[in-house]
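Source file: target11.pdb; contents: PDB, C-alpha atoms, pLDDT in the B column.
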ATOM      1  CA  MET P1453     167.997  98.903  91.326  1.00 52.00           C
ATOM      2  CA  SER P1454     167.053  98.336  94.983  1.00 53.00           C
ATOM      3  CA  THR P1455     168.897  98.822  98.201  1.00 56.00           C
ATOM      4  CA  SER P1456     167.612  97.902 101.621  1.00 52.00           C
ATOM      5  CA  THR P1457     168.542  97.495 105.224  1.00 55.00           C
ATOM      6  CA  PRO P1458     166.991  94.735 107.345  1.00 55.00           C
ATOM      7  CA  ALA P1459     164.575  97.080 109.141  1.00 59.00           C
ATOM      8  CA  GLU P1460     163.562  99.144 106.104  1.00 68.00           C
ATOM      9  CA  ARG P1461     161.550  98.617 102.977  1.00 62.00           C
ATOM     10  CA  PRO P1462     163.556  98.398  99.770  1.00 59.00           C
ATOM     11  CA  VAL P1463     164.223 101.804  98.250  1.00 53.00           C
ATOM     12  CA  ARG P1464     163.583 101.846  94.527  1.00 56.00           C
ATOM     13  CA  ARG P1465     165.624 104.240  92.490  1.00 63.00           C
ATOM     14  CA  ARG P1466     164.681 105.411  89.046  1.00 65.00           C
ATOM     15  CA  PRO P1467     167.381 104.971  86.411  1.00 71.00           C
ATOM     16  CA  ARG P1468     168.998 108.297  85.513  1.00 78.00           C
ATOM     17  CA  ASP P1469     168.206 107.821  81.843  1.00 86.00           C
ATOM     18  CA  ARG P1470     164.541 106.860  82.252  1.00 93.00           C
ATOM     19  CA  ARG P1471     163.296 109.943  80.405  1.00 94.00           C
ATOM     20  CA  ALA P1472     165.729 109.298  77.526  1.00 94.00           C
ATOM     21  CA  ALA P1473     164.579 105.669  77.361  1.00 95.00           C
ATOM     22  CA  ILE P1474     160.960 106.803  77.191  1.00 97.00           C
ATOM     23  CA  VAL P1475     161.724 109.271  74.382  1.00 96.00           C
ATOM     24  CA  ALA P1476     163.713 106.684  72.386  1.00 94.00           C
ATOM     25  CA  THR P1477     160.916 104.142  72.744  1.00 96.00           C
ATOM     26  CA  ALA P1478     158.293 106.722  71.800  1.00 96.00           C
ATOM     27  CA  VAL P1479     160.218 107.827  68.690  1.00 94.00           C
ATOM     28  CA  ASP P1480     160.324 104.218  67.505  1.00 94.00           C
ATOM     29  CA  ALA P1481     156.636 103.672  68.287  1.00 95.00           C
ATOM     30  CA  PHE P1482     155.479 106.919  66.656  1.00 95.00           C
ATOM     31  CA  ALA P1483     157.646 106.283  63.572  1.00 92.00           C
ATOM     32  CA  ARG P1484     156.378 102.704  63.245  1.00 93.00           C
ATOM     33  CA  SER P1485     152.675 103.120  64.093  1.00 95.00           C
ATOM     34  CA  GLY P1486     152.033 106.850  63.751  1.00 94.00           C
ATOM     35  CA  TYR P1487     150.713 109.220  66.376  1.00 95.00           C
ATOM     36  CA  HIS P1488     147.171 107.854  66.422  1.00 96.00           C
ATOM     37  CA  GLY P1489     148.318 104.221  66.291  1.00 97.00           C
ATOM     38  CA  THR P1490     150.563 104.585  69.333  1.00 96.00           C
ATOM     39  CA  SER P1491     149.272 104.458  72.896  1.00 97.00           C
ATOM     40  CA  MET P1492     150.880 105.714  76.067  1.00 97.00           C
ATOM     41  CA  ALA P1493     150.161 102.302  77.620  1.00 97.00           C
ATOM     42  CA  THR P1494     152.189 100.557  74.905  1.00 97.00           C
ATOM     43  CA  ILE P1495     155.105 102.957  75.380  1.00 97.00           C
ATOM     44  CA  ALA P1496     155.006 102.462  79.149  1.00 97.00           C
ATOM     45  CA  GLU P1497     154.888  98.676  78.775  1.00 97.00           C
ATOM     46  CA  THR P1498     157.817  98.682  76.347  1.00 97.00           C
ATOM     47  CA  VAL P1499     159.912 100.818  78.716  1.00 97.00           C
ATOM     48  CA  GLY P1500     158.899  98.590  81.635  1.00 95.00           C
ATOM     49  CA  ILE P1501     157.058 101.184  83.694  1.00 96.00           C
ATOM     50  CA  SER P1502     153.454 101.817  84.623  1.00 95.00           C
ATOM     51  CA  SER P1503     151.292 104.271  82.727  1.00 95.00           C
ATOM     52  CA  ALA P1504     151.156 106.405  85.871  1.00 95.00           C
ATOM     53  CA  ALA P1505     154.970 106.601  85.897  1.00 95.00           C
ATOM     54  CA  LEU P1506     154.944 107.637  82.249  1.00 96.00           C
ATOM     55  CA  TYR P1507     152.464 110.417  83.000  1.00 96.00           C
ATOM     56  CA  ARG P1508     154.806 111.719  85.712  1.00 95.00           C
ATOM     57  CA  HIS P1509     157.318 112.427  82.940  1.00 95.00           C
ATOM     58  CA  PHE P1510     154.941 113.686  80.218  1.00 97.00           C
ATOM     59  CA  ARG P1511     151.502 115.289  80.545  1.00 96.00           C
ATOM     60  CA  ASN P1512     150.012 113.454  77.572  1.00 97.00           C
ATOM     61  CA  LYS P1513     150.833 111.829  74.244  1.00 97.00           C
ATOM     62  CA  GLN P1514     151.006 115.181  72.453  1.00 97.00           C
ATOM     63  CA  ASP P1515     153.544 116.429  75.008  1.00 97.00           C
ATOM     64  CA  LEU P1516     155.615 113.262  74.540  1.00 97.00           C
ATOM     65  CA  LEU P1517     155.561 113.659  70.755  1.00 97.00           C
ATOM     66  CA  GLY P1518     156.767 117.243  71.107  1.00 97.00           C
ATOM     67  CA  HIS P1519     159.614 116.179  73.359  1.00 97.00           C
ATOM     68  CA  CYS P1520     160.578 113.447  70.888  1.00 96.00           C
ATOM     69  CA  LEU P1521     160.916 115.941  68.056  1.00 96.00           C
ATOM     70  CA  LEU P1522     162.633 118.609  70.153  1.00 97.00           C
ATOM     71  CA  THR P1523     165.136 116.160  71.631  1.00 96.00           C
ATOM     72  CA  GLY P1524     166.006 114.780  68.204  1.00 95.00           C
ATOM     73  CA  LEU P1525     166.343 118.220  66.644  1.00 96.00           C
ATOM     74  CA  ASP P1526     168.455 119.490  69.552  1.00 97.00           C
ATOM     75  CA  THR P1527     170.765 116.505  69.136  1.00 96.00           C
ATOM     76  CA  THR P1528     170.991 117.109  65.393  1.00 96.00           C
ATOM     77  CA  VAL P1529     171.676 120.854  65.688  1.00 97.00           C
ATOM     78  CA  ASP P1530     174.245 120.351  68.454  1.00 97.00           C
ATOM     79  CA  ARG P1531     176.101 117.669  66.513  1.00 97.00           C
ATOM     80  CA  LEU P1532     176.137 119.674  63.278  1.00 96.00           C
ATOM     81  CA  ALA P1533     177.272 122.835  65.048  1.00 96.00           C
ATOM     82  CA  ALA P1534     180.104 120.921  66.726  1.00 96.00           C
ATOM     83  CA  ALA P1535     181.147 119.307  63.434  1.00 96.00           C
ATOM     84  CA  GLY P1536     182.283 122.534  61.836  1.00 84.00           C
ATOM     85  CA  PRO P1537     181.359 123.774  58.351  1.00 81.00           C
ATOM     86  CA  ASP P1538     183.529 121.309  56.442  1.00 88.00           C
ATOM     87  CA  ARG P1539     182.034 118.250  58.216  1.00 95.00           C
ATOM     88  CA  VAL P1540     178.377 119.304  58.569  1.00 95.00           C
ATOM     89  CA  LEU P1541     177.080 117.276  55.637  1.00 93.00           C
ATOM     90  CA  SER P1542     178.900 114.062  56.568  1.00 95.00           C
ATOM     91  CA  GLU P1543     177.800 114.461  60.204  1.00 96.00           C
ATOM     92  CA  LEU P1544     174.223 114.944  58.997  1.00 95.00           C
ATOM     93  CA  VAL P1545     174.380 111.525  57.347  1.00 94.00           C
ATOM     94  CA  VAL P1546     175.644 109.934  60.589  1.00 96.00           C
ATOM     95  CA  VAL P1547     172.959 111.636  62.689  1.00 95.00           C
ATOM     96  CA  ALA P1548     170.235 110.719  60.188  1.00 91.00           C
ATOM     97  CA  LEU P1549     171.208 107.065  60.436  1.00 93.00           C
ATOM     98  CA  GLU P1550     171.300 107.180  64.229  1.00 92.00           C
ATOM     99  CA  LEU P1551     167.950 108.991  64.510  1.00 92.00           C
ATOM    100  CA  ARG P1552     166.106 107.211  61.708  1.00 88.00           C
ATOM    101  CA  GLY P1553     162.641 107.825  63.121  1.00 87.00           C
ATOM    102  CA  LEU P1554     163.097 111.586  63.501  1.00 89.00           C
ATOM    103  CA  PRO P1555     162.573 112.633  59.849  1.00 87.00           C
ATOM    104  CA  ARG P1556     159.457 110.481  59.670  1.00 85.00           C
ATOM    105  CA  LEU P1557     158.070 112.077  62.835  1.00 88.00           C
ATOM    106  CA  TRP P1558     158.823 115.522  61.532  1.00 86.00           C
ATOM    107  CA  GLN P1559     157.262 114.824  58.149  1.00 88.00           C
ATOM    108  CA  LEU P1560     154.162 112.935  59.257  1.00 90.00           C
ATOM    109  CA  GLU P1561     153.397 113.988  62.814  1.00 93.00           C
ATOM    110  CA  PHE P1562     154.213 117.716  62.922  1.00 93.00           C
ATOM    111  CA  ARG P1563     150.494 118.482  62.563  1.00 94.00           C
ATOM    112  CA  ASN P1564     149.794 116.650  65.844  1.00 95.00           C
ATOM    113  CA  LEU P1565     152.020 118.935  67.920  1.00 95.00           C
ATOM    114  CA  ALA P1566     150.706 121.533  70.332  1.00 96.00           C
ATOM    115  CA  ASP P1567     151.282 125.119  69.150  1.00 96.00           C
ATOM    116  CA  ALA P1568     154.154 125.747  71.582  1.00 97.00           C
ATOM    117  CA  HIS P1569     156.002 122.625  70.453  1.00 97.00           C
ATOM    118  CA  ARG P1570     155.284 123.432  66.811  1.00 96.00           C
ATOM    119  CA  ARG P1571     156.926 126.853  67.197  1.00 97.00           C
ATOM    120  CA  SER P1572     159.900 125.336  69.027  1.00 97.00           C
ATOM    121  CA  VAL P1573     160.371 122.747  66.279  1.00 96.00           C
ATOM    122  CA  LEU P1574     160.329 125.482  63.637  1.00 95.00           C
ATOM    123  CA  VAL P1575     162.961 127.499  65.541  1.00 97.00           C
ATOM    124  CA  ARG P1576     165.223 124.451  65.632  1.00 96.00           C
ATOM    125  CA  ALA P1577     164.532 123.713  61.977  1.00 94.00           C
ATOM    126  CA  ALA P1578     165.620 127.256  61.103  1.00 96.00           C
ATOM    127  CA  ARG P1579     168.872 126.724  63.042  1.00 96.00           C
ATOM    128  CA  LEU P1580     169.402 123.435  61.267  1.00 95.00           C
ATOM    129  CA  THR P1581     168.852 124.913  57.815  1.00 95.00           C
ATOM    130  CA  GLY P1582     171.194 127.794  58.694  1.00 96.00           C
ATOM    131  CA  LEU P1583     173.968 125.302  59.404  1.00 96.00           C
ATOM    132  CA  LEU P1584     173.184 123.470  56.180  1.00 96.00           C
ATOM    133  CA  ARG P1585     173.070 126.710  54.139  1.00 96.00           C
ATOM    134  CA  ARG P1586     176.555 127.644  55.298  1.00 94.00           C
ATOM    135  CA  ALA P1587     177.906 124.158  54.597  1.00 95.00           C
ATOM    136  CA  ILE P1588     176.315 123.943  51.151  1.00 95.00           C
ATOM    137  CA  GLY P1589     177.426 127.482  50.283  1.00 95.00           C
ATOM    138  CA  ALA P1590     181.007 126.680  51.275  1.00 93.00           C
ATOM    139  CA  ARG P1591     180.995 123.454  49.295  1.00 93.00           C
ATOM    140  CA  ARG P1592     179.173 124.854  46.243  1.00 95.00           C
ATOM    141  CA  PRO P1593     179.970 128.587  45.952  1.00 95.00           C
ATOM    142  CA  ASP P1594     178.779 128.489  42.324  1.00 97.00           C
ATOM    143  CA  LEU P1595     175.138 127.957  43.351  1.00 97.00           C
ATOM    144  CA  PRO P1596     172.772 130.924  43.568  1.00 97.00           C
ATOM    145  CA  GLY P1597     171.356 131.713  47.010  1.00 96.00           C
ATOM    146  CA  HIS P1598     167.866 130.423  46.227  1.00 97.00           C
ATOM    147  CA  ASP P1599     169.286 127.027  45.235  1.00 97.00           C
ATOM    148  CA  ILE P1600     171.314 126.854  48.445  1.00 97.00           C
ATOM    149  CA  GLU P1601     168.161 127.732  50.411  1.00 96.00           C
ATOM    150  CA  LEU P1602     166.182 125.007  48.654  1.00 95.00           C
ATOM    151  CA  LEU P1603     168.868 122.398  49.258  1.00 95.00           C
ATOM    152  CA  SER P1604     169.185 123.345  52.911  1.00 94.00           C
ATOM    153  CA  TRP P1605     165.496 122.690  53.496  1.00 90.00           C
TER     154      TRP P1605
END
Please render this file's structure as structure tokens.
Amino acid sequence: MSTSTPAERPVRRRPRDRRAAIVATAVDAFARSGYHGTSMATIAETVGISSAALYRHFRNKQDLLGHCLLTGLDTTVDRLAAAGPDRVLSELVVVALELRGLPRLWQLEFRNLADAHRRSVLVRAARLTGLLRRAIGARRPDLPGHDIELLSW
């Protein structure tokens, strides 16, 4: 979006959701082509920005991957926490369909994360499984604790 006055150069404004658009594009690219098969240049081109602009948002591809996982897990945890114990499992299905690439990233690309992002992902995963443990326990009080734990993971 550009605005200008006759005596001035056009002023370019970055869209407010640029970072979110980059993350969404990167999740799709990483899920489709894997970490090593995805380039920052391809992500930048798909978003419609230069590689230099992409690097202003994220230090490198590993940093972008970490942000993809953390953003998706934060969204998932927030939505499940807001759903309440009786709706956690149905909300999980909705979130899983909306964030289809997230489980694939988590499963296949976790090893490519920097240590700090890896720890942050595990903290969020523990929160997520805590929400699921409570929901499963409430729905299936007959199950022993170790079965609930297994199902939550």
Nearest to Arg1563 (chain P), restricted to all atoms listed in the file and choosing among P:Thr1477, P:Ser1503, P:Gln1514, P:Ser1491, comes out as P:Gln1514
I would like the residues chosen by the PyMOL selection byres ((chain P and resi 1585) around 10) on the shown file; could you give them as a list in words?
Pro1537, Arg1579, Leu1580, Thr1581, Gly1582, Leu1583, Leu1584, Arg1586, Ala1587, Ile1588, Gly1589, Ala1590, Arg1591, Gly1597, Asp1599, Ile1600, Glu1601, Leu1602, Leu1603, Ser1604 and Trp1605 of chain P
Can you give me, as a ChimeraX atom specification, the residues this file yields under the PyMOL selection byres ((chain P and resi 1518) around 8)?
/P:1514-1517,1519-1522,1565-1566,1569-1570
Write out as AutoDock Vina command-line options an axis-aligned box for region 1474-1487 of chain P: all of its atoms listed in the file, 3 Å added on each side, centre and edge lengths in Å with one decimal.
--center_x 157.2 --center_y 106.0 --center_z 70.2 --size_x 19.0 --size_y 12.6 --size_z 19.9
One number please: CA of Gly1500 (chain P) to CA of Asp1480 (chain P), in Å, one decimal.
15.3 Å
To test your reading of the syntax: which residues would the PyMOL selection byres ((chain P and resi 1484) around 12) return for the file shown? Reply as a list in words.
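Here the PyMOL selection byres ((chain P and resi 1484) around 12) matches Thr1477, Ala1478, Val1479, Asp1480, Ala1481, Phe1482, Ala1483, Ser1485, Gly1486, Tyr1487, His1488, Gly1489, Thr1490, Arg1552, Gly1553, Leu1554, Arg1556, Leu1557, Leu1560 and Glu1561 of chain P.
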Produce a file of the selected residues containing C-alpha atoms, as a PDB file, in the coordinates of the input.
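Here's the written file part18.pdb:
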ATOM      1  CA  THR P1477     160.916 104.142  72.744  1.00 96.00           C
ATOM      2  CA  ALA P1478     158.293 106.722  71.800  1.00 96.00           C
ATOM      3  CA  VAL P1479     160.218 107.827  68.690  1.00 94.00           C
ATOM      4  CA  ASP P1480     160.324 104.218  67.505  1.00 94.00           C
ATOM      5  CA  ALA P1481     156.636 103.672  68.287  1.00 95.00           C
ATOM      6  CA  PHE P1482     155.479 106.919  66.656  1.00 95.00           C
ATOM      7  CA  ALA P1483     157.646 106.283  63.572  1.00 92.00           C
ATOM      8  CA  SER P1485     152.675 103.120  64.093  1.00 95.00           C
ATOM      9  CA  GLY P1486     152.033 106.850  63.751  1.00 94.00           C
ATOM     10  CA  TYR P1487     150.713 109.220  66.376  1.00 95.00           C
ATOM     11  CA  HIS P1488     147.171 107.854  66.422  1.00 96.00           C
ATOM     12  CA  GLY P1489     148.318 104.221  66.291  1.00 97.00           C
ATOM     13  CA  THR P1490     150.563 104.585  69.333  1.00 96.00           C
ATOM     14  CA  ARG P1552     166.106 107.211  61.708  1.00 88.00           C
ATOM     15  CA  GLY P1553     162.641 107.825  63.121  1.00 87.00           C
ATOM     16  CA  LEU P1554     163.097 111.586  63.501  1.00 89.00           C
ATOM     17  CA  ARG P1556     159.457 110.481  59.670  1.00 85.00           C
ATOM     18  CA  LEU P1557     158.070 112.077  62.835  1.00 88.00           C
ATOM     19  CA  LEU P1560     154.162 112.935  59.257  1.00 90.00           C
ATOM     20  CA  GLU P1561     153.397 113.988  62.814  1.00 93.00           C
TER      21      GLU P1561
END
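CA of Ala1578 (chain P) is found 10.6 Å from CA of Leu1525 (chain P).
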Where atoms are absent from region 1573-1593 of chain P, fill them in so it carries N, CA, C and O atoms, then output it as a PDB file, keeping the file's coordinate frame.
ATOM      1  N   VAL P1573     159.823 123.581  67.353  1.00 96.00           N
ATOM      2  CA  VAL P1573     160.371 122.747  66.279  1.00 96.00           C
ATOM      3  C   VAL P1573     160.797 123.626  65.100  1.00 96.00           C
ATOM      4  O   VAL P1573     161.874 123.435  64.527  1.00 96.00           O
ATOM      5  N   LEU P1574     159.985 124.604  64.756  1.00 95.00           N
ATOM      6  CA  LEU P1574     160.329 125.482  63.637  1.00 95.00           C
ATOM      7  C   LEU P1574     161.578 126.316  63.923  1.00 95.00           C
ATOM      8  O   LEU P1574     162.389 126.545  63.024  1.00 95.00           O
ATOM      9  N   VAL P1575     161.754 126.758  65.164  1.00 97.00           N
ATOM     10  CA  VAL P1575     162.961 127.499  65.541  1.00 97.00           C
ATOM     11  C   VAL P1575     164.190 126.603  65.348  1.00 97.00           C
ATOM     12  O   VAL P1575     165.199 127.026  64.774  1.00 97.00           O
ATOM     13  N   ARG P1576     164.098 125.374  65.790  1.00 96.00           N
ATOM     14  CA  ARG P1576     165.223 124.451  65.632  1.00 96.00           C
ATOM     15  C   ARG P1576     165.460 124.113  64.166  1.00 96.00           C
ATOM     16  O   ARG P1576     166.599 123.975  63.729  1.00 96.00           O
ATOM     17  N   ALA P1577     164.389 123.979  63.409  1.00 94.00           N
ATOM     18  CA  ALA P1577     164.532 123.713  61.977  1.00 94.00           C
ATOM     19  C   ALA P1577     165.239 124.874  61.279  1.00 94.00           C
ATOM     20  O   ALA P1577     166.070 124.660  60.387  1.00 94.00           O
ATOM     21  N   ALA P1578     164.937 126.091  61.682  1.00 96.00           N
ATOM     22  CA  ALA P1578     165.620 127.256  61.103  1.00 96.00           C
ATOM     23  C   ALA P1578     167.110 127.233  61.435  1.00 96.00           C
ATOM     24  O   ALA P1578     167.949 127.540  60.587  1.00 96.00           O
ATOM     25  N   ARG P1579     167.450 126.852  62.676  1.00 96.00           N
ATOM     26  CA  ARG P1579     168.872 126.724  63.042  1.00 96.00           C
ATOM     27  C   ARG P1579     169.549 125.655  62.200  1.00 96.00           C
ATOM     28  O   ARG P1579     170.666 125.832  61.720  1.00 96.00           O
ATOM     29  N   LEU P1580     168.866 124.545  62.044  1.00 95.00           N
ATOM     30  CA  LEU P1580     169.402 123.435  61.267  1.00 95.00           C
ATOM     31  C   LEU P1580     169.641 123.846  59.817  1.00 95.00           C
ATOM     32  O   LEU P1580     170.715 123.602  59.255  1.00 95.00           O
ATOM     33  N   THR P1581     168.677 124.497  59.212  1.00 95.00           N
ATOM     34  CA  THR P1581     168.852 124.913  57.815  1.00 95.00           C
ATOM     35  C   THR P1581     169.933 125.984  57.686  1.00 95.00           C
ATOM     36  O   THR P1581     170.617 126.043  56.668  1.00 95.00           O
ATOM     37  N   GLY P1582     170.106 126.814  58.716  1.00 96.00           N
ATOM     38  CA  GLY P1582     171.194 127.794  58.694  1.00 96.00           C
ATOM     39  C   GLY P1582     172.546 127.109  58.630  1.00 96.00           C
ATOM     40  O   GLY P1582     173.437 127.511  57.863  1.00 96.00           O
ATOM     41  N   LEU P1583     172.719 126.070  59.436  1.00 96.00           N
ATOM     42  CA  LEU P1583     173.968 125.302  59.404  1.00 96.00           C
ATOM     43  C   LEU P1583     174.166 124.654  58.034  1.00 96.00           C
ATOM     44  O   LEU P1583     175.276 124.646  57.490  1.00 96.00           O
ATOM     45  N   LEU P1584     173.093 124.122  57.493  1.00 96.00           N
ATOM     46  CA  LEU P1584     173.184 123.470  56.180  1.00 96.00           C
ATOM     47  C   LEU P1584     173.445 124.480  55.066  1.00 96.00           C
ATOM     48  O   LEU P1584     174.216 124.201  54.139  1.00 96.00           O
ATOM     49  N   ARG P1585     172.822 125.663  55.152  1.00 96.00           N
ATOM     50  CA  ARG P1585     173.070 126.710  54.139  1.00 96.00           C
ATOM     51  C   ARG P1585     174.545 127.074  54.079  1.00 96.00           C
ATOM     52  O   ARG P1585     175.123 127.168  53.001  1.00 96.00           O
ATOM     53  N   ARG P1586     175.133 127.282  55.259  1.00 94.00           N
ATOM     54  CA  ARG P1586     176.555 127.644  55.298  1.00 94.00           C
ATOM     55  C   ARG P1586     177.420 126.527  54.726  1.00 94.00           C
ATOM     56  O   ARG P1586     178.351 126.775  53.976  1.00 94.00           O
ATOM     57  N   ALA P1587     177.113 125.293  55.079  1.00 95.00           N
ATOM     58  CA  ALA P1587     177.906 124.158  54.597  1.00 95.00           C
ATOM     59  C   ALA P1587     177.765 123.981  53.086  1.00 95.00           C
ATOM     60  O   ALA P1587     178.758 123.762  52.382  1.00 95.00           O
ATOM     61  N   ILE P1588     176.543 124.091  52.594  1.00 95.00           N
ATOM     62  CA  ILE P1588     176.315 123.943  51.151  1.00 95.00           C
ATOM     63  C   ILE P1588     176.961 125.099  50.394  1.00 95.00           C
ATOM     64  O   ILE P1588     177.607 124.901  49.355  1.00 95.00           O
ATOM     65  N   GLY P1589     176.821 126.311  50.921  1.00 95.00           N
ATOM     66  CA  GLY P1589     177.426 127.482  50.283  1.00 95.00           C
ATOM     67  C   GLY P1589     178.943 127.378  50.213  1.00 95.00           C
ATOM     68  O   GLY P1589     179.559 127.758  49.212  1.00 95.00           O
ATOM     69  N   ALA P1590     179.546 126.845  51.266  1.00 93.00           N
ATOM     70  CA  ALA P1590     181.007 126.680  51.275  1.00 93.00           C
ATOM     71  C   ALA P1590     181.439 125.600  50.296  1.00 93.00           C
ATOM     72  O   ALA P1590     182.478 125.723  49.637  1.00 93.00           O
ATOM     73  N   ARG P1591     180.641 124.566  50.184  1.00 93.00           N
ATOM     74  CA  ARG P1591     180.995 123.454  49.295  1.00 93.00           C
ATOM     75  C   ARG P1591     180.665 123.758  47.832  1.00 93.00           C
ATOM     76  O   ARG P1591     181.333 123.259  46.934  1.00 93.00           O
ATOM     77  N   ARG P1592     179.614 124.543  47.617  1.00 95.00           N
ATOM     78  CA  ARG P1592     179.173 124.854  46.243  1.00 95.00           C
ATOM     79  C   ARG P1592     178.991 126.362  46.082  1.00 95.00           C
ATOM     80  O   ARG P1592     177.863 126.859  45.958  1.00 95.00           O
ATOM     81  N   PRO P1593     180.083 127.129  46.069  1.00 95.00           N
ATOM     82  CA  PRO P1593     179.970 128.587  45.952  1.00 95.00           C
ATOM     83  C   PRO P1593     179.375 129.046  44.614  1.00 95.00           C
ATOM     84  O   PRO P1593     178.937 130.189  44.495  1.00 95.00           O
TER      85      PRO P1593
END
